[in-house]
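> Below is one structure. I have some questions about it.
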Amino acid sequence: QVQLVESGGGSVQAGESLTLSCVASIASFGDYAMYWYRLAPGKQRELVAYISHTHSSGYANSVKGRFTISRDNAKNTLYLQMDRLKPDDTGTYFCKLQAVKEYWGQGTQVTVSS
């Protein structure tokens, strides 16, 4: 059974930074594309960033230039460095692994106050 465990969320002031981590219990972690999504109250789930098995990456326009996605395949870990956080970044952040099927973590809460 594949498990994804996120950590690193918290409550911060606008302008501050957080780094989220997602550890995956799967062999050949480096073979899979990974994604960060977020869900905010009253809003639809939003794709925040992705990184392919070749380390190419993409970002939502709302976070471009502020967030950086990366991965350490030796540690089976996905990261999301979030800088210059805004109140609109508040939500629950989930990582997803895309294999033949999707696997999701349980989420980690990020709260940004103004």
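By order in the structure tokens, chains are A, B, ...; within a chain, residues start at 1; ligands start at 1, following the order shown.
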Could you name the residues that touch Asp83 of chain A at 8 Å or less, counting only C-alpha atoms, but leaving out those on the same chain fewer than 2 positions away, as an mmCIF file with all heavy atoms, in the first residue's frame?

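Output file part.cif is given in full below:
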```
data_model
loop_
_atom_site.group_PDB
_atom_site.id
_atom_site.type_symbol
_atom_site.label_atom_id
_atom_site.label_comp_id
_atom_site.auth_asym_id
_atom_site.auth_seq_id
_atom_site.Cartn_x
_atom_site.Cartn_y
_atom_site.Cartn_z
ATOM 1 N N GLY A 15 3.964 37.240 4.146
ATOM 2 C CA GLY A 15 5.351 37.578 3.859
ATOM 3 C C GLY A 15 6.354 36.551 4.345
ATOM 4 O O GLY A 15 7.522 36.569 3.924
ATOM 5 N N GLU A 16 5.913 35.679 5.245
ATOM 6 C CA GLU A 16 6.820 34.664 5.769
ATOM 7 C C GLU A 16 6.885 33.442 4.839
ATOM 8 O O GLU A 16 6.222 33.404 3.800
ATOM 9 C CB GLU A 16 6.397 34.270 7.178
ATOM 10 C CG GLU A 16 6.534 35.409 8.173
ATOM 11 C CD GLU A 16 6.173 35.009 9.594
ATOM 12 O OE1 GLU A 16 5.462 34.002 9.769
ATOM 13 O OE2 GLU A 16 6.594 35.723 10.526
ATOM 14 N N SER A 17 7.673 32.465 5.249
ATOM 15 C CA SER A 17 7.915 31.286 4.410
ATOM 16 C C SER A 17 7.595 30.005 5.163
ATOM 17 O O SER A 17 7.635 29.971 6.403
ATOM 18 C CB SER A 17 9.378 31.242 3.969
ATOM 19 O OG SER A 17 9.733 32.377 3.206
ATOM 20 N N LEU A 18 7.273 28.976 4.423
ATOM 21 C CA LEU A 18 7.117 27.621 4.942
ATOM 22 C C LEU A 18 7.654 26.656 3.901
ATOM 23 O O LEU A 18 7.611 26.941 2.701
ATOM 24 C CB LEU A 18 5.645 27.297 5.190
ATOM 25 C CG LEU A 18 4.960 27.832 6.450
ATOM 26 C CD1 LEU A 18 3.465 27.519 6.407
ATOM 27 C CD2 LEU A 18 5.588 27.245 7.705
ATOM 28 N N ARG A 66 6.940 32.587 -6.382
ATOM 29 C CA ARG A 66 6.971 32.562 -4.914
ATOM 30 C C ARG A 66 7.182 31.155 -4.371
ATOM 31 O O ARG A 66 7.777 30.989 -3.299
ATOM 32 C CB ARG A 66 5.663 33.129 -4.351
ATOM 33 C CG ARG A 66 5.385 34.567 -4.724
ATOM 34 C CD ARG A 66 4.158 35.100 -3.983
ATOM 35 N NE ARG A 66 2.935 34.373 -4.304
ATOM 36 C CZ ARG A 66 2.196 33.708 -3.423
ATOM 37 N NH1 ARG A 66 2.542 33.685 -2.146
ATOM 38 N NH2 ARG A 66 1.092 33.089 -3.799
ATOM 39 N N PHE A 67 6.682 30.148 -5.063
ATOM 40 C CA PHE A 67 6.779 28.758 -4.617
ATOM 41 C C PHE A 67 7.777 28.015 -5.504
ATOM 42 O O PHE A 67 7.894 28.291 -6.705
ATOM 43 C CB PHE A 67 5.430 28.055 -4.722
ATOM 44 C CG PHE A 67 4.398 28.505 -3.727
ATOM 45 C CD1 PHE A 67 4.573 29.640 -2.949
ATOM 46 C CD2 PHE A 67 3.228 27.777 -3.572
ATOM 47 C CE1 PHE A 67 3.609 30.040 -2.036
ATOM 48 C CE2 PHE A 67 2.251 28.163 -2.665
ATOM 49 C CZ PHE A 67 2.444 29.308 -1.909
ATOM 50 N N GLN A 81 8.678 24.699 -1.340
ATOM 51 C CA GLN A 81 9.169 25.876 -0.649
ATOM 52 C C GLN A 81 8.229 27.021 -0.977
ATOM 53 O O GLN A 81 8.046 27.365 -2.148
ATOM 54 C CB GLN A 81 10.590 26.203 -1.102
ATOM 55 C CG GLN A 81 11.142 27.509 -0.558
ATOM 56 C CD GLN A 81 11.365 27.467 0.940
ATOM 57 O OE1 GLN A 81 11.799 26.457 1.480
ATOM 58 N NE2 GLN A 81 11.062 28.572 1.626
ATOM 59 N N LEU A 85 4.464 34.397 1.501
ATOM 60 C CA LEU A 85 3.113 33.854 1.621
ATOM 61 C C LEU A 85 2.082 34.962 1.760
ATOM 62 O O LEU A 85 2.348 36.020 2.355
ATOM 63 C CB LEU A 85 3.030 32.897 2.794
ATOM 64 C CG LEU A 85 3.613 31.510 2.520
ATOM 65 C CD1 LEU A 85 3.948 30.782 3.809
ATOM 66 C CD2 LEU A 85 2.651 30.675 1.686
#
```
> Determine, counting only C-alpha atoms, which protein, DNA and RNA residues have an atom within 9 Å of an atom of segment 34-44 of chain A; residues of the same chain fewer than 5 positions away are not included. Present the result as an MDAnalysis selection string.
chainID A and resid 49:53 69 71 78:80 88:98 107
> If you measure from atom CA of Val112 of chain A to atom CA of Ser21 of chain A, what distance in Å do you get, rounded to one decimal?
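Interatomic distance here is 17.8 Å.
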> Under the rule that only C-alpha atoms are counted, which of A:Ala74, A:Leu20, A:Leu47, A:Ala14 is the nearest residue to Ser114 of chain A?
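Among A:Ala74, A:Leu20, A:Leu47, A:Ala14, it is A:Ala14 that comes nearest to Ser114 of chain A.
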> Considering only C-alpha atoms, state which residue in the set A:Ser7, A:Gln1, A:Ser25, A:Lys64 is at the smallest distance from Asn76 of chain A.
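Looking only at the distances to Asn76 of chain A, the closest residue turns out to be A:Ser25.
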> Find the residues around Gln106 of chain A up to 8 Å (only C-alpha atoms counted), leave out those fewer than 6 positions away in its own chain, and share them as a compact mmCIF listing (two decimals) with all heavy atoms, in the first residue's frame.

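This went into result15.txt:
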```txt
# COMPACT_ATOMS: atom_id res chain seq x y z
N LEU A 4 1.49 8.41 1.42
CA LEU A 4 2.11 9.72 1.30
C LEU A 4 1.83 10.48 2.59
O LEU A 4 0.67 10.55 3.01
CB LEU A 4 1.54 10.49 0.11
CG LEU A 4 1.66 9.85 -1.26
CD1 LEU A 4 0.99 10.70 -2.31
CD2 LEU A 4 3.11 9.61 -1.63
N VAL A 5 2.87 11.02 3.18
CA VAL A 5 2.71 11.73 4.44
C VAL A 5 3.28 13.13 4.31
O VAL A 5 4.50 13.30 4.13
CB VAL A 5 3.40 10.98 5.60
CG1 VAL A 5 3.22 11.76 6.90
CG2 VAL A 5 2.85 9.57 5.73
N GLU A 6 2.39 14.12 4.41
CA GLU A 6 2.81 15.52 4.34
C GLU A 6 3.15 16.05 5.72
O GLU A 6 2.60 15.58 6.73
CB GLU A 6 1.72 16.42 3.74
CG GLU A 6 1.27 16.06 2.34
CD GLU A 6 -0.03 15.29 2.33
OE1 GLU A 6 -0.31 14.61 3.35
OE2 GLU A 6 -0.76 15.35 1.34
N PHE A 94 -2.09 19.17 -0.21
CA PHE A 94 -2.00 17.73 -0.42
C PHE A 94 -0.95 17.42 -1.48
O PHE A 94 -0.85 18.13 -2.48
CB PHE A 94 -3.34 17.18 -0.93
CG PHE A 94 -4.50 17.40 -0.01
CD1 PHE A 94 -5.24 18.57 -0.07
CD2 PHE A 94 -4.87 16.43 0.90
CE1 PHE A 94 -6.33 18.78 0.77
CE2 PHE A 94 -5.96 16.62 1.75
CZ PHE A 94 -6.68 17.80 1.68
```
> Could you check which of A:Val12, A:Val100, A:Lys86, A:Thr68 is closest to Tyr32 of chain A, using only C-alpha atoms?
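Closest residue, counting only C-alpha atoms: A:Val100.
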> Would you compute the distance between atom CA of Val110 of chain A and atom CA of Pro87 of chain A? Give it in Å to one decimal.
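Separating atom CA of Val110 of chain A from atom CA of Pro87 of chain A is a distance of 9.6 Å.
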> Atom CA of Trp104 of chain A and atom CA of Gln3 of chain A, how far apart in Å?
7.7 Å
> Which is closest to Glu102 of chain A among A:Gly8, A:Arg45, A:Val2, A:Asn61, if we use only C-alpha atoms?
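Answer, going by the shortest atom-to-atom distance: A:Val2.
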> How would you write, as a ChimeraX atom specification, the set of residues in segment 33-108 of chain A that DSSP gives as strand (DSSP E)?
/A:33-39,46-51,57-59,67-72,77-82,91-98,102-104,108
> Could you turn the residues from that selection into a file that holds C-alpha atoms, as a short mmCIF file (atom, residue, chain, number, x, y, z; two decimals), in the first residue's frame?

```
data_model
loop_
_atom_site.label_atom_id
_atom_site.label_comp_id
_atom_site.auth_asym_id
_atom_site.auth_seq_id
_atom_site.Cartn_x
_atom_site.Cartn_y
_atom_site.Cartn_z
CA ALA A 33 5.33 12.65 -11.44
CA MET A 34 4.41 14.41 -8.21
CA TYR A 35 1.95 17.17 -7.52
CA TRP A 36 0.98 19.65 -4.83
CA TYR A 37 -2.67 20.67 -4.58
CA ARG A 38 -4.46 22.91 -2.13
CA LEU A 39 -8.02 23.17 -0.94
CA GLU A 46 -6.32 23.88 -7.06
CA LEU A 47 -3.20 22.42 -8.61
CA VAL A 48 -0.35 24.42 -7.13
CA ALA A 49 2.72 22.82 -8.69
CA TYR A 50 3.98 19.66 -10.31
CA ILE A 51 7.31 18.06 -10.99
CA SER A 57 8.11 21.61 -13.22
CA GLY A 58 5.16 23.93 -13.53
CA TYR A 59 3.21 26.27 -11.30
CA PHE A 67 6.78 28.76 -4.62
CA THR A 68 9.38 26.20 -5.64
CA ILE A 69 8.71 22.50 -6.03
CA SER A 70 11.56 20.03 -5.76
CA ARG A 71 12.19 16.39 -5.05
CA ASP A 72 14.90 14.26 -3.47
CA THR A 77 10.57 13.11 -0.61
CA LEU A 78 8.75 15.91 -2.39
CA TYR A 79 9.08 19.52 -1.22
CA LEU A 80 7.26 22.78 -1.68
CA GLN A 81 9.17 25.88 -0.65
CA MET A 82 6.64 28.68 -0.14
CA GLY A 91 -5.65 26.04 2.79
CA THR A 92 -4.94 22.38 3.18
CA TYR A 93 -2.07 21.23 1.00
CA PHE A 94 -2.00 17.73 -0.42
CA CYS A 95 0.63 15.86 -2.35
CA LYS A 96 -0.26 13.40 -5.05
CA LEU A 97 1.74 10.67 -6.73
CA GLN A 98 0.67 9.71 -10.21
CA GLU A 102 -3.35 8.23 -8.01
CA TYR A 103 -2.20 8.28 -4.42
CA TRP A 104 -2.91 11.17 -2.07
CA THR A 108 -1.21 19.59 5.93
#
```
